[in-house]
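Source file: my_file04.pdb. Holds: PDB, N, CA and C atoms.
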```pdb
ATOM      1  N   MET A 604       0.060  12.533  12.758
ATOM      2  CA  MET A 604       0.016  11.211  12.150
ATOM      3  C   MET A 604      -1.002  10.324  12.876
ATOM      4  N   LYS A 605      -1.046  10.370  14.220
ATOM      5  CA  LYS A 605      -2.015   9.552  14.944
ATOM      6  C   LYS A 605      -3.442   9.969  14.610
ATOM      7  N   PHE A 606      -3.655  11.287  14.456
ATOM      8  CA  PHE A 606      -4.984  11.778  14.126
ATOM      9  C   PHE A 606      -5.445  11.203  12.790
ATOM     10  N   LEU A 607      -4.580  11.219  11.802
ATOM     11  CA  LEU A 607      -4.926  10.687  10.487
ATOM     12  C   LEU A 607      -5.208   9.191  10.567
ATOM     13  N   TYR A 608      -4.428   8.468  11.363
ATOM     14  CA  TYR A 608      -4.638   7.034  11.548
ATOM     15  C   TYR A 608      -6.026   6.775  12.138
ATOM     16  N   CYS A 609      -6.436   7.571  13.120
ATOM     17  CA  CYS A 609      -7.759   7.414  13.722
ATOM     18  C   CYS A 609      -8.849   7.701  12.700
ATOM     19  N   GLU A 610      -8.637   8.720  11.858
ATOM     20  CA  GLU A 610      -9.609   9.027  10.820
ATOM     21  C   GLU A 610      -9.761   7.858   9.860
ATOM     22  N   ILE A 611      -8.658   7.228   9.502
ATOM     23  CA  ILE A 611      -8.700   6.104   8.565
ATOM     24  C   ILE A 611      -9.433   4.928   9.190
ATOM     25  N   LEU A 612      -9.187   4.662  10.464
ATOM     26  CA  LEU A 612      -9.908   3.588  11.138
ATOM     27  C   LEU A 612     -11.404   3.863  11.126
ATOM     28  N   TRP A 613     -11.779   5.114  11.337
ATOM     29  CA  TRP A 613     -13.184   5.474  11.293
ATOM     30  C   TRP A 613     -13.741   5.252   9.896
ATOM     31  N   VAL A 614     -12.999   5.654   8.884
ATOM     32  CA  VAL A 614     -13.441   5.515   7.497
ATOM     33  C   VAL A 614     -13.656   4.055   7.132
ATOM     34  N   VAL A 615     -12.782   3.178   7.568
ATOM     35  CA  VAL A 615     -12.882   1.765   7.221
ATOM     36  C   VAL A 615     -14.163   1.155   7.771
ATOM     37  N   THR A 616     -14.712   1.705   8.847
ATOM     38  CA  THR A 616     -15.948   1.166   9.390
ATOM     39  C   THR A 616     -17.171   1.601   8.589
ATOM     40  N   MET A 617     -17.004   2.592   7.727
ATOM     41  CA  MET A 617     -18.103   3.078   6.892
ATOM     42  C   MET A 617     -18.113   2.299   5.571
ATOM     43  N   GLN A 618     -19.271   2.244   4.936
ATOM     44  CA  GLN A 618     -19.348   1.547   3.667
ATOM     45  C   GLN A 618     -18.895   2.414   2.502
ATOM     46  N   LYS A 619     -19.149   3.716   2.596
ATOM     47  CA  LYS A 619     -18.752   4.630   1.523
ATOM     48  C   LYS A 619     -18.166   5.885   2.139
ATOM     49  N   LEU A 620     -17.314   6.533   1.372
ATOM     50  CA  LEU A 620     -16.767   7.818   1.763
ATOM     51  C   LEU A 620     -17.538   8.894   1.023
ATOM     52  N   ARG A 621     -18.043   9.853   1.751
ATOM     53  CA  ARG A 621     -18.767  10.948   1.106
ATOM     54  C   ARG A 621     -17.765  11.988   0.632
ATOM     55  N   PRO A 622     -17.782  12.349  -0.639
ATOM     56  CA  PRO A 622     -16.769  13.273  -1.154
ATOM     57  C   PRO A 622     -17.071  14.729  -0.819
ATOM     58  N   ASP A 623     -17.059  15.082   0.482
ATOM     59  CA  ASP A 623     -17.304  16.469   0.862
ATOM     60  C   ASP A 623     -16.016  17.288   0.804
ATOM     61  N   MET A 624     -14.914  16.628   0.525
ATOM     62  CA  MET A 624     -13.635  17.281   0.283
ATOM     63  C   MET A 624     -13.077  16.672  -1.001
ATOM     64  N   ASP A 625     -12.106  17.307  -1.595
ATOM     65  CA  ASP A 625     -11.642  16.908  -2.924
ATOM     66  C   ASP A 625     -10.659  15.738  -2.886
ATOM     67  N   ILE A 626     -11.143  14.566  -2.466
ATOM     68  CA  ILE A 626     -10.289  13.376  -2.462
ATOM     69  C   ILE A 626     -10.070  12.878  -3.890
ATOM     70  N   GLY A 627     -10.996  13.188  -4.784
ATOM     71  CA  GLY A 627     -10.864  12.749  -6.170
ATOM     72  C   GLY A 627      -9.612  13.288  -6.839
ATOM     73  N   HIS A 628      -9.298  14.545  -6.554
ATOM     74  CA  HIS A 628      -8.082  15.147  -7.124
ATOM     75  C   HIS A 628      -6.850  14.400  -6.624
ATOM     76  N   GLN A 629      -6.853  14.021  -5.363
ATOM     77  CA  GLN A 629      -5.718  13.280  -4.802
ATOM     78  C   GLN A 629      -5.620  11.887  -5.422
ATOM     79  N   ILE A 630      -6.744  11.246  -5.659
ATOM     80  CA  ILE A 630      -6.747   9.937  -6.318
ATOM     81  C   ILE A 630      -6.167  10.062  -7.725
ATOM     82  N   SER A 631      -6.576  11.080  -8.432
ATOM     83  CA  SER A 631      -6.060  11.317  -9.781
ATOM     84  C   SER A 631      -4.544  11.541  -9.755
ATOM     85  N   ALA A 632      -4.082  12.343  -8.797
ATOM     86  CA  ALA A 632      -2.645  12.615  -8.686
ATOM     87  C   ALA A 632      -1.862  11.343  -8.354
ATOM     88  N   LEU A 633      -2.399  10.513  -7.480
ATOM     89  CA  LEU A 633      -1.727   9.254  -7.134
ATOM     90  C   LEU A 633      -1.695   8.311  -8.336
ATOM     91  N   ARG A 634      -2.785   8.281  -9.084
ATOM     92  CA  ARG A 634      -2.827   7.440 -10.282
ATOM     93  C   ARG A 634      -1.779   7.893 -11.291
ATOM     94  N   ASN A 635      -1.719   9.193 -11.510
ATOM     95  CA  ASN A 635      -0.742   9.726 -12.458
ATOM     96  C   ASN A 635       0.691   9.460 -12.011
ATOM     97  N   SER A 636       0.956   9.621 -10.721
ATOM     98  CA  SER A 636       2.329   9.385 -10.248
ATOM     99  C   SER A 636       2.697   7.901 -10.296
ATOM    100  N   ALA A 637       1.680   7.027 -10.247
ATOM    101  CA  ALA A 637       1.935   5.589 -10.384
ATOM    102  C   ALA A 637       2.089   5.188 -11.850
ATOM    103  N   GLY A 638       1.747   6.118 -12.756
ATOM    104  CA  GLY A 638       1.926   5.864 -14.185
ATOM    105  C   GLY A 638       0.799   5.110 -14.854
ATOM    106  N   PHE A 639      -0.400   5.179 -14.289
ATOM    107  CA  PHE A 639      -1.541   4.463 -14.854
ATOM    108  C   PHE A 639      -2.537   5.409 -15.493
ATOM    109  N   THR A 640      -3.213   4.924 -16.527
ATOM    110  CA  THR A 640      -4.349   5.639 -17.087
ATOM    111  C   THR A 640      -5.595   5.221 -16.307
ATOM    112  N   GLN A 641      -6.690   5.921 -16.543
ATOM    113  CA  GLN A 641      -7.943   5.507 -15.915
ATOM    114  C   GLN A 641      -8.340   4.108 -16.385
ATOM    115  N   ASP A 642      -8.174   3.837 -17.678
ATOM    116  CA  ASP A 642      -8.511   2.510 -18.211
ATOM    117  C   ASP A 642      -7.713   1.409 -17.532
ATOM    118  N   GLN A 643      -6.422   1.627 -17.356
ATOM    119  CA  GLN A 643      -5.570   0.620 -16.705
ATOM    120  C   GLN A 643      -5.984   0.416 -15.250
ATOM    121  N   THR A 644      -6.303   1.507 -14.580
ATOM    122  CA  THR A 644      -6.714   1.416 -13.174
ATOM    123  C   THR A 644      -8.009   0.640 -13.044
ATOM    124  N   VAL A 645      -8.973   0.948 -13.901
ATOM    125  CA  VAL A 645     -10.259   0.243 -13.884
ATOM    126  C   VAL A 645     -10.054  -1.240 -14.173
ATOM    127  N   ALA A 646      -9.216  -1.565 -15.151
ATOM    128  CA  ALA A 646      -8.950  -2.974 -15.480
ATOM    129  C   ALA A 646      -8.359  -3.707 -14.285
ATOM    130  N   LYS A 647      -7.431  -3.075 -13.587
ATOM    131  CA  LYS A 647      -6.822  -3.707 -12.415
ATOM    132  C   LYS A 647      -7.850  -3.898 -11.296
ATOM    133  N   MET A 648      -8.726  -2.915 -11.126
ATOM    134  CA  MET A 648      -9.776  -3.030 -10.109
ATOM    135  C   MET A 648     -10.723  -4.178 -10.456
ATOM    136  N   GLN A 649     -11.062  -4.318 -11.735
ATOM    137  CA  GLN A 649     -11.949  -5.392 -12.168
ATOM    138  C   GLN A 649     -11.301  -6.757 -11.961
ATOM    139  N   VAL A 650     -10.000  -6.865 -12.225
ATOM    140  CA  VAL A 650      -9.285  -8.122 -11.995
ATOM    141  C   VAL A 650      -9.310  -8.485 -10.507
ATOM    142  N   MET A 651      -9.342  -7.453  -9.650
ATOM    143  CA  MET A 651      -9.396  -7.679  -8.202
ATOM    144  C   MET A 651     -10.817  -8.023  -7.732
ATOM    145  N   GLY A 652     -11.769  -8.073  -8.666
ATOM    146  CA  GLY A 652     -13.125  -8.473  -8.319
ATOM    147  C   GLY A 652     -14.094  -7.333  -8.069
ATOM    148  N   LEU A 653     -13.683  -6.111  -8.326
ATOM    149  CA  LEU A 653     -14.582  -4.980  -8.125
ATOM    150  C   LEU A 653     -15.358  -4.701  -9.399
ATOM    151  N   GLU A 654     -16.647  -4.472  -9.257
ATOM    152  CA  GLU A 654     -17.489  -4.140 -10.406
ATOM    153  C   GLU A 654     -17.507  -2.627 -10.549
ATOM    154  N   ILE A 655     -16.695  -2.115 -11.461
ATOM    155  CA  ILE A 655     -16.613  -0.680 -11.673
ATOM    156  C   ILE A 655     -16.368  -0.416 -13.156
ATOM    157  N   SER A 656     -17.041   0.599 -13.660
ATOM    158  CA  SER A 656     -16.856   0.987 -15.062
ATOM    159  C   SER A 656     -15.911   2.183 -15.126
ATOM    160  N   LYS A 657     -15.428   2.461 -16.323
ATOM    161  CA  LYS A 657     -14.571   3.629 -16.489
ATOM    162  C   LYS A 657     -15.341   4.895 -16.144
ATOM    163  N   SER A 658     -16.595   4.941 -16.512
ATOM    164  CA  SER A 658     -17.444   6.097 -16.215
ATOM    165  C   SER A 658     -17.568   6.315 -14.702
ATOM    166  N   SER A 659     -17.798   5.234 -13.969
ATOM    167  CA  SER A 659     -17.905   5.338 -12.511
ATOM    168  C   SER A 659     -16.581   5.778 -11.896
ATOM    169  N   TYR A 660     -15.489   5.226 -12.397
ATOM    170  CA  TYR A 660     -14.176   5.609 -11.869
ATOM    171  C   TYR A 660     -13.908   7.097 -12.131
ATOM    172  N   ALA A 661     -14.243   7.566 -13.323
ATOM    173  CA  ALA A 661     -14.053   8.982 -13.645
ATOM    174  C   ALA A 661     -14.870   9.864 -12.700
ATOM    175  N   LYS A 662     -16.058   9.409 -12.342
ATOM    176  CA  LYS A 662     -16.893  10.158 -11.398
ATOM    177  C   LYS A 662     -16.256  10.207 -10.012
ATOM    178  N   ILE A 663     -15.559   9.158  -9.624
ATOM    179  CA  ILE A 663     -14.859   9.166  -8.334
ATOM    180  C   ILE A 663     -13.769  10.231  -8.353
ATOM    181  N   GLU A 664     -13.010  10.292  -9.441
ATOM    182  CA  GLU A 664     -11.921  11.274  -9.528
ATOM    183  C   GLU A 664     -12.434  12.711  -9.610
ATOM    184  N   THR A 665     -13.681  12.887  -9.993
ATOM    185  CA  THR A 665     -14.254  14.238 -10.066
ATOM    186  C   THR A 665     -15.244  14.490  -8.923
ATOM    187  N   ASN A 666     -15.238  13.626  -7.932
ATOM    188  CA  ASN A 666     -16.083  13.773  -6.728
ATOM    189  C   ASN A 666     -17.574  13.809  -7.035
ATOM    190  N   ARG A 667     -17.978  13.140  -8.088
ATOM    191  CA  ARG A 667     -19.398  13.065  -8.417
ATOM    192  C   ARG A 667     -20.002  11.724  -8.024
ATOM    193  N   MET A 668     -19.198  10.866  -7.423
ATOM    194  CA  MET A 668     -19.677   9.557  -6.983
ATOM    195  C   MET A 668     -18.953   9.191  -5.697
ATOM    196  N   ASN A 669     -19.688   8.593  -4.772
ATOM    197  CA  ASN A 669     -19.086   8.163  -3.517
ATOM    198  C   ASN A 669     -18.070   7.059  -3.755
ATOM    199  N   LEU A 670     -17.006   7.103  -2.995
ATOM    200  CA  LEU A 670     -15.949   6.094  -3.063
ATOM    201  C   LEU A 670     -16.241   5.013  -2.025
ATOM    202  N   LYS A 671     -16.305   3.770  -2.465
ATOM    203  CA  LYS A 671     -16.495   2.652  -1.541
ATOM    204  C   LYS A 671     -15.164   2.334  -0.868
ATOM    205  N   VAL A 672     -15.242   1.856   0.357
ATOM    206  CA  VAL A 672     -14.020   1.494   1.081
ATOM    207  C   VAL A 672     -13.266   0.402   0.332
ATOM    208  N   SER A 673     -13.982  -0.544  -0.260
ATOM    209  CA  SER A 673     -13.319  -1.608  -1.021
ATOM    210  C   SER A 673     -12.542  -1.024  -2.203
ATOM    211  N   GLU A 674     -13.059   0.054  -2.784
ATOM    212  CA  GLU A 674     -12.360   0.719  -3.881
ATOM    213  C   GLU A 674     -11.106   1.427  -3.383
ATOM    214  N   LEU A 675     -11.204   2.046  -2.214
ATOM    215  CA  LEU A 675     -10.039   2.699  -1.627
ATOM    216  C   LEU A 675      -8.940   1.685  -1.338
ATOM    217  N   VAL A 676      -9.314   0.544  -0.800
ATOM    218  CA  VAL A 676      -8.342  -0.517  -0.512
ATOM    219  C   VAL A 676      -7.675  -0.981  -1.806
ATOM    220  N   ALA A 677      -8.468  -1.187  -2.845
ATOM    221  CA  ALA A 677      -7.924  -1.622  -4.136
ATOM    222  C   ALA A 677      -6.987  -0.569  -4.724
ATOM    223  N   LEU A 678      -7.383   0.693  -4.656
ATOM    224  CA  LEU A 678      -6.550   1.759  -5.208
ATOM    225  C   LEU A 678      -5.214   1.861  -4.468
ATOM    226  N   ARG A 679      -5.246   1.684  -3.161
ATOM    227  CA  ARG A 679      -3.999   1.706  -2.387
ATOM    228  C   ARG A 679      -3.059   0.614  -2.873
ATOM    229  N   ARG A 680      -3.590  -0.558  -3.103
ATOM    230  CA  ARG A 680      -2.772  -1.676  -3.594
ATOM    231  C   ARG A 680      -2.256  -1.413  -5.009
ATOM    232  N   ILE A 681      -3.123  -0.910  -5.871
ATOM    233  CA  ILE A 681      -2.748  -0.661  -7.266
ATOM    234  C   ILE A 681      -1.676   0.419  -7.356
ATOM    235  N   PHE A 682      -1.857   1.501  -6.608
ATOM    236  CA  PHE A 682      -0.926   2.628  -6.684
ATOM    237  C   PHE A 682       0.327   2.409  -5.845
ATOM    238  N   GLY A 683       0.314   1.391  -4.976
ATOM    239  CA  GLY A 683       1.474   1.116  -4.128
ATOM    240  C   GLY A 683       1.760   2.246  -3.153
ATOM    241  N   CYS A 684       0.701   2.797  -2.581
ATOM    242  CA  CYS A 684       0.861   3.920  -1.665
ATOM    243  C   CYS A 684       0.247   3.568  -0.308
ATOM    244  N   SER A 685       0.288   4.502   0.602
ATOM    245  CA  SER A 685      -0.323   4.301   1.920
ATOM    246  C   SER A 685      -1.691   4.990   1.949
ATOM    247  N   TYR A 686      -2.496   4.656   2.926
ATOM    248  CA  TYR A 686      -3.777   5.333   3.088
ATOM    249  C   TYR A 686      -3.558   6.817   3.362
ATOM    250  N   ASN A 687      -2.499   7.130   4.070
ATOM    251  CA  ASN A 687      -2.198   8.538   4.364
ATOM    252  C   ASN A 687      -2.047   9.357   3.090
ATOM    253  N   ASP A 688      -1.537   8.746   2.036
ATOM    254  CA  ASP A 688      -1.343   9.462   0.775
ATOM    255  C   ASP A 688      -2.661   9.981   0.196
ATOM    256  N   PHE A 689      -3.749   9.270   0.431
ATOM    257  CA  PHE A 689      -5.047   9.700  -0.074
ATOM    258  C   PHE A 689      -5.563  10.940   0.660
ATOM    259  N   PHE A 690      -5.163  11.082   1.913
ATOM    260  CA  PHE A 690      -5.721  12.126   2.762
ATOM    261  C   PHE A 690      -4.758  13.270   3.076
ATOM    262  N   SER A 691      -3.493  13.133   2.688
ATOM    263  CA  SER A 691      -2.471  14.093   3.123
ATOM    264  C   SER A 691      -2.759  15.528   2.692
ATOM    265  N   LYS A 692      -3.234  15.749   1.498
ATOM    266  CA  LYS A 692      -3.485  17.116   1.010
ATOM    267  C   LYS A 692      -4.815  17.677   1.503
ATOM    268  N   LEU A 693      -5.658  16.822   2.067
ATOM    269  CA  LEU A 693      -6.966  17.278   2.505
ATOM    270  C   LEU A 693      -6.884  18.200   3.719
ATOM    271  N   ASP A 694      -5.793  18.104   4.479
ATOM    272  CA  ASP A 694      -5.610  19.003   5.630
ATOM    273  C   ASP A 694      -5.554  20.454   5.195
ATOM    274  N   GLU A 695      -5.154  20.698   3.954
ATOM    275  CA  GLU A 695      -5.030  22.060   3.433
ATOM    276  C   GLU A 695      -6.374  22.613   2.983
ATOM    277  N   GLN A 696      -7.391  21.760   2.891
ATOM    278  CA  GLN A 696      -8.719  22.179   2.449
ATOM    279  C   GLN A 696      -9.606  22.411   3.661
ATOM    280  N   SER A 697     -10.622  23.210   3.494
ATOM    281  CA  SER A 697     -11.620  23.346   4.552
ATOM    282  C   SER A 697     -12.847  22.555   4.126
ATOM    283  N   PRO A 698     -13.452  21.824   5.056
ATOM    284  CA  PRO A 698     -14.615  21.002   4.705
ATOM    285  C   PRO A 698     -15.765  21.853   4.186
ATOM    286  N   GLU A 699     -16.532  21.259   3.278
ATOM    287  CA  GLU A 699     -17.727  21.953   2.775
ATOM    288  C   GLU A 699     -18.763  22.001   3.883
ATOM    289  N   GLU A 700     -19.444  23.069   3.954
ATOM    290  CA  GLU A 700     -20.489  23.231   4.979
ATOM    291  C   GLU A 700     -21.813  22.772   4.422
TER
END
```
Rewritten as structure tokens:
Amino acid sequence: MKFLYCEILWVVTMQKLRPDMDIGHQISALRNSAGFTQDQTVAKMQVMGLEISKSSYAKIETNRMNLKVSELVALRRIFGCSYNDFFSKLDEQSPEE
């Protein structure tokens, strides 16, 4: 748990997260478990002041676009989860070389 906390602190200092692991799948799973569609999630992000389109959000869930830290913060609030929830399944993956 402490290791993951340190990783999150490191991530927050970066402007974007590089999707070298499948965080998009975890974002999609968290969205689904929160009961939101992509459209609803994007609308909530826009209300929070983030400029994001449905197309851009879909690219985040498919790891074709970098995730901004501000987007991660917004998604945590929208889904009502912890930062650990975004990264918990990534331990089972091996990083891309």
Could you state which residues are captured by the PyMOL selection byres ((chain A and resi 685-691) around 7) in this file, as a PyMOL selection string?
chain A and resi 607+626+629-630+679+682-684+692-695
Could you pull out the strand (DSSP E) residues of stretch 618-700 of chain A, going by DSSP on the backbone, and write them as a list in words?
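Assigned to strand (DSSP E), within stretch 618-700 of chain A: Lys619, Leu620, Leu670 and Lys671 of chain A.
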Correct to one decimal, the distance atom CA of A:His628-atom CA of A:Ile663 is 9.1 Å
Rounded to one decimal in Å, what is the spacing between atom N of A:Asp642 and atom N of A:Asn666?
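Here the two named atoms are 15.5 Å from each other.
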In Å, how far is it from atom CA of A:Gly638 to atom CA of A:Ser659?
19.9 Å
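The shortest atom-to-atom distance to A:Ser631, with only N, CA and C atoms taken into account, belongs to A:Glu664 out of A:Val650, A:Leu675, A:Ser658, A:Glu664.
By only C-alpha atoms, and with residues fewer than 4 positions from A:Leu678 along its chain excluded, the set lying at most 8 Å from it is Thr644, Met648, Glu674 and Phe682 of chain A.
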Box along x, y and z, 4 Å on every side, all listed atoms of stretch 666-681 of chain A inside: centre and edge lengths in Å to one decimal, as JSON.
```
{"center_x": -10.8, "center_y": 6.1, "center_z": -3.7, "size_x": 26.3, "size_y": 23.5, "size_z": 17.5}
```
With all atoms listed in the file as the counted atoms, please give the residues lying no more than 8 Å from A:Ala646, apart from itself and same-chain residues fewer than 6 positions off, as a tab-separated table (two decimals) with N, CA and C atoms, keeping the file's coordinate frame.
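What ended up in out_14.tsv:
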```tsv
chain	number	residue	atom	x	y	z
A	640	THR	N	-3.21	4.92	-16.53
A	640	THR	CA	-4.35	5.64	-17.09
A	640	THR	C	-5.60	5.22	-16.31
A	652	GLY	N	-11.77	-8.07	-8.67
A	652	GLY	CA	-13.12	-8.47	-8.32
A	652	GLY	C	-14.09	-7.33	-8.07
A	655	ILE	N	-16.70	-2.12	-11.46
A	655	ILE	CA	-16.61	-0.68	-11.67
A	655	ILE	C	-16.37	-0.42	-13.16
A	656	SER	N	-17.04	0.60	-13.66
A	656	SER	CA	-16.86	0.99	-15.06
A	656	SER	C	-15.91	2.18	-15.13
A	657	LYS	N	-15.43	2.46	-16.32
A	657	LYS	CA	-14.57	3.63	-16.49
A	657	LYS	C	-15.34	4.89	-16.14
```
From the DSSP assignment of the backbone, select every residue of stretch 621-688 of chain A that is alpha helix (DSSP H), and format the answer as an MDAnalysis selection string.
chainID A and resid 626:637 641:650 657:664 672:682 686:688
